[in-house]
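target.tsv follows; it contains TSV, C-alpha atoms and all ligand atoms.
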```tsv
chain	number	residue	atom	x	y	z
O	1	MET	CA	-7.56	15.62	15.83
O	2	ALA	CA	-9.99	12.69	15.67
O	3	THR	CA	-13.40	12.85	13.98
O	4	SER	CA	-16.20	10.38	14.71
O	5	LEU	CA	-16.88	7.67	12.17
O	6	PRO	CA	-20.06	5.65	11.59
O	7	ALA	CA	-20.23	2.09	12.84
O	8	PRO	CA	-18.85	-0.42	10.35
O	9	GLY	CA	-21.30	-2.17	8.05
O	10	THR	CA	-23.94	0.56	8.32
O	11	SER	CA	-23.37	2.19	4.96
O	12	LEU	CA	-26.33	2.88	2.67
O	13	ARG	CA	-24.18	4.10	-0.22
O	14	PRO	CA	-23.24	1.78	-3.10
O	15	HIS	CA	-20.25	-0.45	-2.53
O	16	LEU	CA	-16.95	1.15	-3.40
O	17	LEU	CA	-16.12	-1.78	-5.70
O	18	ARG	CA	-19.14	-3.19	-7.51
O	19	PRO	CA	-19.30	-6.35	-9.66
O	20	ASP	CA	-17.89	-6.34	-13.19
O	21	SER	CA	-14.55	-4.74	-12.46
O	22	THR	CA	-11.81	-5.62	-14.94
O	23	ASN	CA	-9.42	-6.83	-12.24
O	24	CYS	CA	-7.74	-10.19	-12.82
O	25	PRO	CA	-8.69	-13.21	-10.69
O	26	GLY	CA	-6.66	-13.18	-7.50
O	27	CYS	CA	-5.75	-9.48	-7.82
O	28	ALA	CA	-5.09	-8.48	-4.23
O	29	MET	CA	-6.08	-4.91	-5.04
O	30	SER	CA	-9.72	-6.09	-5.33
O	31	LEU	CA	-9.70	-7.34	-1.75
O	32	GLY	CA	-7.98	-4.16	-0.60
O	33	LEU	CA	-10.73	-2.05	-2.17
O	34	GLN	CA	-13.39	-4.20	-0.49
O	35	TRP	CA	-11.79	-3.82	2.93
O	36	LEU	CA	-11.34	-0.10	2.37
O	37	ASP	CA	-15.07	0.01	1.56
O	38	GLU	CA	-15.87	-1.79	4.80
O	39	ALA	CA	-13.66	0.48	6.88
O	40	LEU	CA	-15.23	3.60	5.37
O	41	GLY	CA	-18.69	2.79	6.72
O	42	GLU	CA	-21.06	5.60	5.78
O	43	ALA	CA	-18.40	7.96	4.45
O	44	THR	CA	-18.30	8.50	0.68
O	45	PRO	CA	-14.73	9.06	-0.42
O	46	THR	CA	-13.53	10.62	-3.60
O	47	LEU	CA	-10.96	8.29	-5.09
O	48	VAL	CA	-8.09	9.89	-6.95
O	49	ILE	CA	-6.38	7.35	-9.15
O	50	PRO	CA	-3.31	7.84	-11.35
O	51	ALA	CA	-2.61	5.72	-14.43
O	52	CYS	CA	-2.42	2.15	-13.08
O	53	CYS	CA	-4.51	-1.04	-13.03
O	54	ALA	CA	-7.00	0.65	-10.66
O	55	ALA	CA	-7.69	3.24	-13.36
O	56	VAL	CA	-8.84	0.40	-15.59
O	57	THR	CA	-10.73	-1.41	-12.81
O	58	PRO	CA	-14.06	0.42	-13.40
O	59	GLY	CA	-14.41	-0.80	-17.01
O	60	ALA	CA	-15.56	1.15	-20.03
O	61	PHE	CA	-17.39	4.48	-19.76
O	62	PRO	CA	-20.28	5.16	-19.11
O	63	ALA	CA	-20.45	2.14	-16.77
O	64	SER	CA	-18.23	2.04	-13.69
O	65	ALA	CA	-17.46	-0.66	-11.18
O	66	TYR	CA	-16.64	2.12	-8.71
O	67	GLY	CA	-19.70	3.03	-6.66
O	68	VAL	CA	-18.12	6.25	-5.39
O	69	PRO	CA	-16.75	9.30	-7.24
O	70	ALA	CA	-13.43	8.45	-8.86
O	71	ILE	CA	-11.13	10.84	-10.67
O	72	GLU	CA	-8.40	9.52	-12.89
O	73	THR	CA	-5.28	11.62	-13.16
O	74	THR	CA	-2.05	11.59	-15.08
O	75	PHE	CA	0.57	9.23	-13.75
O	76	ALA	CA	2.50	11.91	-11.89
O	77	SER	CA	-0.23	14.11	-10.49
O	78	SER	CA	-2.59	12.17	-8.21
O	79	ALA	CA	-1.38	13.77	-4.97
O	80	ALA	CA	-1.60	17.26	-6.55
O	81	VAL	CA	-5.13	16.63	-7.86
O	82	ALA	CA	-6.15	15.22	-4.47
O	83	THR	CA	-4.73	18.36	-2.86
O	84	GLY	CA	-7.10	20.55	-4.87
O	85	ILE	CA	-10.08	18.36	-4.07
O	86	ALA	CA	-9.29	18.16	-0.37
O	87	ARG	CA	-8.83	21.93	-0.11
O	88	VAL	CA	-12.13	22.70	-1.84
O	89	ARG	CA	-13.87	20.19	0.40
O	90	GLN	CA	-12.38	21.85	3.43
O	91	GLN	CA	-13.59	25.27	2.24
O	92	ASN	CA	-17.07	23.83	1.67
O	93	GLY	CA	-17.12	22.31	5.14
O	94	GLU	CA	-17.31	18.77	3.75
O	95	THR	CA	-15.86	15.95	5.81
O	96	ASP	CA	-15.82	12.99	3.40
O	97	PRO	CA	-12.28	11.78	2.75
O	98	THR	CA	-10.12	12.31	-0.30
O	99	ILE	CA	-8.25	9.11	-0.99
O	100	CYS	CA	-5.44	8.52	-3.46
O	101	TRP	CA	-5.43	4.90	-4.54
O	102	ALA	CA	-2.23	4.39	-6.49
O	103	GLY	CA	0.08	1.66	-7.74
O	104	ASP	CA	3.74	1.47	-6.85
O	105	GLY	CA	4.87	2.97	-10.16
O	106	GLY	CA	2.75	6.06	-9.48
O	107	THR	CA	3.99	6.20	-5.90
O	108	TYR	CA	7.63	5.12	-5.64
O	109	ASP	CA	8.66	6.51	-9.02
O	110	ILE	CA	6.71	8.80	-11.28
O	111	GLY	CA	4.35	10.33	-8.70
O	112	MET	CA	7.09	10.89	-6.13
O	113	ALA	CA	7.39	14.64	-6.70
O	114	THR	CA	3.72	15.43	-6.10
O	115	LEU	CA	3.50	12.83	-3.34
O	116	SER	CA	6.45	14.38	-1.54
O	117	ALA	CA	5.09	17.90	-2.02
O	118	ALA	CA	1.63	17.01	-0.67
O	119	ALA	CA	3.18	15.17	2.28
O	120	GLU	CA	5.48	18.09	3.03
O	121	ARG	CA	2.51	20.49	3.03
O	122	ASN	CA	0.62	17.98	5.21
O	123	GLU	CA	-2.42	18.07	2.92
O	124	ASP	CA	-5.56	16.44	4.26
O	125	ILE	CA	-5.28	13.31	2.11
O	126	LEU	CA	-5.29	9.60	2.76
O	127	TYR	CA	-2.81	8.11	0.29
O	128	ILE	CA	-2.93	4.34	-0.17
O	129	CYS	CA	-0.37	2.60	-2.35
O	130	TYR	CA	-1.27	-0.92	-3.47
O	131	ASP	CA	2.17	-2.28	-4.13
O	132	ASN	CA	2.28	-5.08	-6.68
O	133	GLU	CA	5.97	-4.40	-7.16
O	134	ILE	CA	5.71	-3.87	-10.95
O	135	TYR	CA	4.16	-1.63	-13.57
O	136	GLY	CA	1.35	-4.17	-13.88
O	137	ASN	CA	-1.00	-2.41	-16.23
O	138	THR	CA	1.50	-2.10	-19.06
O	139	GLY	CA	3.00	-5.58	-19.00
O	140	GLY	CA	4.89	-5.94	-15.75
O	141	GLN	CA	7.97	-3.74	-16.08
O	142	ARG	CA	10.23	-3.28	-13.05
O	143	SER	CA	9.56	-0.38	-10.69
O	144	GLY	CA	11.40	1.11	-7.73
O	145	ALA	CA	9.30	-1.24	-5.61
O	146	THR	CA	10.37	-4.43	-7.38
O	147	PRO	CA	12.45	-6.54	-5.01
O	148	ARG	CA	16.00	-7.55	-5.82
O	149	GLY	CA	16.10	-10.77	-7.80
O	150	ALA	CA	12.59	-10.58	-9.26
O	151	ARG	CA	12.21	-11.23	-12.96
O	152	THR	CA	10.05	-8.67	-14.76
O	153	SER	CA	9.53	-7.89	-18.44
O	154	THR	CA	12.44	-5.42	-18.24
O	155	THR	CA	14.63	-7.44	-15.87
O	156	PRO	CA	14.59	-10.90	-17.48
O	157	ARG	CA	17.62	-12.00	-15.45
O	158	GLY	CA	16.27	-10.64	-12.17
O	159	LYS	CA	16.37	-7.09	-10.83
O	160	VAL	CA	19.77	-6.02	-9.60
O	161	GLU	CA	18.74	-3.13	-7.35
O	162	SER	CA	16.91	-3.43	-4.01
O	163	LYS	CA	13.35	-2.30	-3.33
O	164	LYS	CA	13.07	1.35	-2.31
O	165	ASP	CA	12.16	1.91	1.32
O	166	ILE	CA	9.11	4.08	0.72
O	167	MET	CA	8.05	3.92	4.37
O	168	ALA	CA	11.34	5.50	5.42
O	169	ILE	CA	10.86	8.17	2.77
O	170	MET	CA	7.37	8.98	4.04
O	171	ALA	CA	8.48	8.89	7.67
O	172	ALA	CA	11.19	11.40	6.76
O	173	HIS	CA	8.39	13.78	5.74
O	174	ARG	CA	7.12	13.53	9.34
O	175	VAL	CA	3.56	12.88	8.17
O	176	PRO	CA	1.08	12.26	11.01
O	177	TYR	CA	0.64	8.61	10.13
O	178	ALA	CA	2.35	6.02	7.94
O	179	ALA	CA	1.63	2.30	8.18
O	180	THR	CA	1.84	-0.94	6.25
O	181	LEU	CA	-1.25	-3.02	5.53
O	182	SER	CA	-1.33	-6.81	5.37
O	183	LEU	CA	-4.21	-8.57	3.63
O	184	ALA	CA	-3.45	-11.53	5.89
O	185	HIS	CA	-4.15	-9.46	9.03
O	186	ARG	CA	-7.72	-8.29	8.59
O	187	ASP	CA	-8.35	-6.73	12.01
O	188	ASP	CA	-5.10	-4.81	11.89
O	189	PHE	CA	-5.86	-3.71	8.31
O	190	LEU	CA	-9.32	-2.35	9.17
O	191	ARG	CA	-8.09	-0.74	12.37
O	192	LYS	CA	-5.37	1.16	10.53
O	193	ILE	CA	-7.71	2.44	7.84
O	194	ARG	CA	-10.23	3.59	10.45
O	195	LEU	CA	-7.47	5.20	12.46
O	196	ALA	CA	-6.17	6.99	9.38
O	197	LEU	CA	-9.68	8.11	8.41
O	198	GLY	CA	-10.14	9.64	11.85
O	199	MET	CA	-7.00	11.75	11.52
O	200	HIS	CA	-6.30	14.96	9.63
O	201	GLY	CA	-3.28	15.78	7.52
O	202	PHE	CA	-1.30	13.52	5.25
O	203	ARG	CA	-1.66	9.82	5.95
O	204	PHE	CA	0.20	7.15	4.01
O	205	LEU	CA	-0.67	3.45	3.87
O	206	LEU	CA	1.32	0.81	2.01
O	207	MET	CA	-0.41	-2.45	1.04
O	208	LEU	CA	1.51	-5.39	-0.37
O	209	SER	CA	-0.62	-6.46	-3.33
O	210	PRO	CA	0.20	-9.78	-5.02
O	211	CYS	CA	-0.38	-9.76	-8.78
O	212	PRO	CA	-0.82	-13.31	-10.13
O	213	ALA	CA	-0.18	-12.23	-13.74
O	214	GLY	CA	3.06	-10.42	-12.97
O	215	TRP	CA	4.31	-12.57	-10.13
O	216	LYS	CA	3.45	-15.80	-11.98
O	217	THR	CA	1.53	-17.10	-9.00
O	218	ASP	CA	-1.63	-19.09	-8.38
O	219	PRO	CA	-4.54	-16.61	-8.09
O	220	ALA	CA	-5.86	-18.60	-5.14
O	221	GLU	CA	-2.66	-17.96	-3.19
O	222	SER	CA	-2.60	-14.15	-3.06
O	223	VAL	CA	-3.55	-13.79	0.61
O	224	GLU	CA	-1.31	-16.73	1.55
O	225	LEU	CA	1.59	-14.98	-0.18
O	226	VAL	CA	1.02	-11.87	1.93
O	227	ARG	CA	0.91	-14.07	5.04
O	228	LEU	CA	4.22	-15.64	4.04
O	229	ALA	CA	5.79	-12.26	3.20
O	230	VAL	CA	4.97	-11.11	6.74
O	231	ALA	CA	5.93	-14.43	8.34
O	232	CYS	CA	9.38	-14.52	6.70
O	233	GLY	CA	10.05	-10.86	7.54
O	234	LEU	CA	10.16	-9.49	4.01
O	235	PHE	CA	7.10	-7.29	4.55
O	236	PRO	CA	7.15	-5.77	8.06
O	237	VAL	CA	3.77	-4.74	9.47
O	238	TYR	CA	4.17	-1.54	11.46
O	239	GLU	CA	3.11	2.06	12.06
O	240	VAL	CA	5.01	5.33	12.26
O	241	PHE	CA	3.50	8.33	14.03
O	242	ASP	CA	4.63	11.83	13.05
O	243	GLY	CA	7.73	10.25	11.52
O	244	GLU	CA	9.02	9.85	15.05
O	245	THR	CA	7.57	6.93	16.95
O	246	TYR	CA	7.18	3.34	15.84
O	247	ARG	CA	4.92	0.41	16.60
O	248	ILE	CA	5.43	-3.10	15.24
O	249	ASN	CA	2.14	-4.92	14.72
O	250	ALA	CA	3.24	-8.37	13.54
O	251	ARG	CA	6.59	-10.08	13.83
O	252	PRO	CA	8.15	-12.69	11.55
O	253	ASP	CA	7.62	-16.21	12.89
O	254	GLY	CA	10.72	-17.79	11.40
O	255	ALA	CA	9.02	-18.98	8.22
O	256	PRO	CA	11.70	-19.59	5.57
O	257	LEU	CA	12.11	-16.97	2.89
O	258	ASP	CA	12.44	-19.76	0.30
O	259	ASP	CA	8.87	-20.80	0.98
O	260	TYR	CA	7.67	-17.33	-0.10
O	261	LEU	CA	9.97	-17.15	-3.12
O	262	ARG	CA	9.51	-20.63	-4.57
O	263	ARG	CA	5.76	-20.16	-5.01
O	264	GLN	CA	6.43	-17.30	-7.42
O	265	GLY	CA	7.52	-17.77	-11.01
O	266	ARG	CA	9.19	-14.37	-10.94
O	267	PHE	CA	11.79	-15.67	-8.49
O	268	ARG	CA	12.38	-19.01	-10.20
O	269	THR	CA	15.90	-19.35	-11.57
O	270	VAL	CA	17.16	-16.39	-9.56
O	271	ALA	CA	18.52	-18.38	-6.63
O	272	PRO	CA	21.56	-16.09	-6.21
O	273	ALA	CA	19.23	-13.35	-4.95
O	274	LEU	CA	18.16	-15.47	-2.01
O	275	ASP	CA	21.17	-14.72	0.19
O	276	ASP	CA	20.94	-11.01	-0.61
O	277	LEU	CA	17.26	-10.92	0.27
O	278	ARG	CA	17.88	-12.86	3.48
O	279	ALA	CA	20.60	-10.39	4.47
O	280	GLN	CA	18.29	-7.49	3.64
O	281	VAL	CA	15.51	-8.90	5.83
O	282	GLU	CA	17.98	-9.21	8.69
O	283	ARG	CA	19.26	-5.65	8.22
O	284	ASP	CA	15.79	-4.15	7.88
O	285	TRP	CA	14.50	-5.88	10.99
O	286	LYS	CA	17.52	-4.91	13.03
O	287	ARG	CA	16.88	-1.28	12.11
O	288	LEU	CA	13.12	-1.45	12.65
O	289	ASP	CA	13.48	-3.21	16.02
O	290	GLU	CA	15.95	-0.56	17.12
O	291	LEU	CA	13.65	2.28	16.04
O	292	ALA	CA	10.68	0.71	17.86
O	293	ARG	CA	12.82	0.17	20.98
O	294	VAL	CA	14.32	3.65	21.10
O	295	PHE	CA	11.29	5.56	19.80
O	296	PRO	CA	8.21	3.55	20.84
O	297	ALA	CA	4.77	4.90	19.98
O	298	PRO	CA	2.96	5.87	23.17
O	299	GLN	CA	0.07	3.59	24.22
O	300	THR	CA	-2.27	6.48	23.51
O	301	ALA	CA	-1.18	6.75	19.84
O	302	GLY	CA	-3.87	5.38	17.55
V	1	LIG	C1	3.78	9.55	-18.21
V	1	LIG	C2	3.25	8.19	-18.48
V	1	LIG	N1	4.11	7.20	-18.75
V	1	LIG	C3	3.66	5.94	-18.98
V	1	LIG	C4	2.32	5.68	-18.94
V	1	LIG	C5	1.83	4.29	-19.24
V	1	LIG	N2	1.37	3.60	-18.06
V	1	LIG	C6	0.05	3.59	-17.72
V	1	LIG	S1	-0.25	2.66	-16.36
V	1	LIG	C7	1.39	2.24	-16.23
V	1	LIG	C8	1.86	1.31	-15.15
V	1	LIG	C9	1.44	1.71	-13.77
V	1	LIG	O1	2.13	0.95	-12.83
V	1	LIG	P1	1.78	1.04	-11.29
V	1	LIG	O2	1.69	2.45	-10.87
V	1	LIG	O3	2.74	0.19	-10.56
V	1	LIG	O4	0.31	0.43	-11.19
V	1	LIG	P2	-0.20	-0.99	-11.71
V	1	LIG	O5	-0.34	-0.87	-13.20
V	1	LIG	O6	0.80	-2.02	-11.31
V	1	LIG	O7	-1.51	-1.17	-11.06
V	1	LIG	C10	2.15	2.85	-17.23
V	1	LIG	C11	3.61	2.68	-17.41
V	1	LIG	C12	1.44	6.75	-18.67
V	1	LIG	N3	0.12	6.56	-18.59
V	1	LIG	N4	1.92	7.99	-18.44
```
Since I need it in another form, could you write the structure as structure tokens?
Amino acid sequence: MATSLPAPGTSLRPHLLRPDSTNCPGCAMSLGLQWLDEALGEATPTLVIPACCAAVTPGAFPASAYGVPAIETTFASSAAVATGIARVRQQNGETDPTICWAGDGGTYDIGMATLSAAAERNEDILYICYDNEIYGNTGGQRSGATPRGARTSTTPRGKVESKKDIMAIMAAHRVPYAATLSLAHRDDFLRKIRLALGMHGFRFLLMLSPCPAGWKTDPAESVELVRLAVACGLFPVYEVFDGETYRINARPDGAPLDDYLRRQGRFRTVAPALDDLRAQVERDWKRLDELARVFPAPQTAG
């Protein structure tokens, strides 16, 4: 069921992300928070943040770079804590959203049990994973989201396993809405957040979030890297409704995968992974295209 949202840019509340955050230059998570802020309009969310870089973002107590209520949870419990908050809000007749803002470690790996449980119960939570494909806050260890071939502090010769398909996992929970967010596709990004905010039940958004420190990239290139990840097909931009119907929002344009990889120190010297990644892109797109063809989202969805 849709609820009405205020017009964008009309908010009188403090910005969600204020100056003096501790985020690194070029941290894509900063831009994600700013766009989330813009999409929220007048609404004041409660952010629920597990252990991750975003838990450090606000700086030292009693100051905070977050201009909205933010609760920091243990690594594994953000979706459970958000459940409690969302339920109390519902009982109090409050309509402001409860938003989990979590890294990939807290989503793909250690928070998976509470995430799965909240999704299965269809709790009224918007869960956004900023996926920097490592445990960034503690020195860049590999996570379940790290792509095959990437060097991390715990995979110095390149990760052997492939990235987990978290979107497929969330779709399998048949949540009302799951979508990927590209920081190189601003209109699509804002539309999806507003769409998710207007829905009830469990909504899951996955944002690719370049991390210059961990990826060994130029901080100025973070948005360009997302553009390339989409253009070469490695990061598909799409939506899944009720775990059943699919809509592709941006297609690869034939950009070479090498162009994306060679700009990143984490992929340097791991050339053997290139063919595997290329084959994976092909496989993933074949599957996604088939799903979108056989189970297309109706025009009226979203
Ligand atoms: C149970 C537990 N294990 C380990 C840690 C240490 N720790 C804090 S943040 C973090 C990394 C989080 O990685 P991710 O969720 O990907 O977010 P990012 O740091 O990349 O933003 C780790 C390992 C912890 N706080 N709790």
TODO: Identify, on the basis of only C-alpha atoms, every residue whose closest approach to segment 214-228 of chain O does not exceed 10 Å; exclude the query and any residue fewer than 5 positions from it along the same chain; express the result as a count of residues only.
DONE: 46
Open item on the list: 9 Å from ligand LIG 1 (chain V) is the threshold here; counting all atoms listed in the file, which polymer residues fall inside it? Answer as number ranges by chain.
Closed with: O: 29, 50-56, 74-76, 102-111, 129-143, 145, 211, 214
TODO: Compare O:Val240, O:Ala297, O:Val88, O:Leu197 by their minimum atom-to-atom distance to Pro45 of chain O, counting only C-alpha atoms, and give me the closest one.
DONE: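 Using only C-alpha atoms, Pro45 of chain O sits closest to O:Leu197.
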Task: Atom-to-atom span, atom CA of Asp165 of chain O and atom CA of Ala86 of chain O, Å - done: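 Between atom CA of Asp165 of chain O and atom CA of Ala86 of chain O the gap is 27.0 Å.
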Task: Straight-line distance linking atom CA of Glu72 of chain O with atom CA of Gly198 of chain O, stated in Å to one decimal - done: 24.8 Å
- [ ] Quote the spacing between atom CA of Gly302 of chain O and atom CA of Phe241 of chain O in Å to one decimal place.
- [x] 8.7 Å
Open item on the list: Quick one: residues within 10 Å of Ile248 of chain O, all atoms listed in the file, excluding same-chain residues fewer than 2 positions away - as a ChimeraX atom specification?
Closed with: /O:179-180,236-240,246,250-251,288-289,291-293,296-297
Open item on the list: So, with only C-alpha atoms as the atoms that count, which of O:Asp124, O:Asp37, O:Asp96, O:Asp284 lies closest to Phe202 of chain O?
Closed with: O:Asp124
Box dimensions and centre (Å, one decimal) enclosing segment 21-26 of chain O, axis-aligned, 5 Å extra per side, as JSON:
```
{"center_x": -10.6, "center_y": -9.0, "center_z": -11.2, "size_x": 17.9, "size_y": 18.5, "size_z": 17.4}
```
TODO: Kindly extract all protein, DNA and RNA residues lying within 12 Å of the coordinates (-16.0, 1.4, -16.9) given in the file, considering only C-alpha atoms, and supply them as an MDAnalysis selection string.
DONE: chainID O and resid 17:23 54:67 70 72
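Of the listed residues O:Ala301, O:Ala213, O:Val81, O:Ile99, the one whose atoms come nearest to Pro69 of chain O is O:Ile99, with distances taken using only C-alpha atoms.
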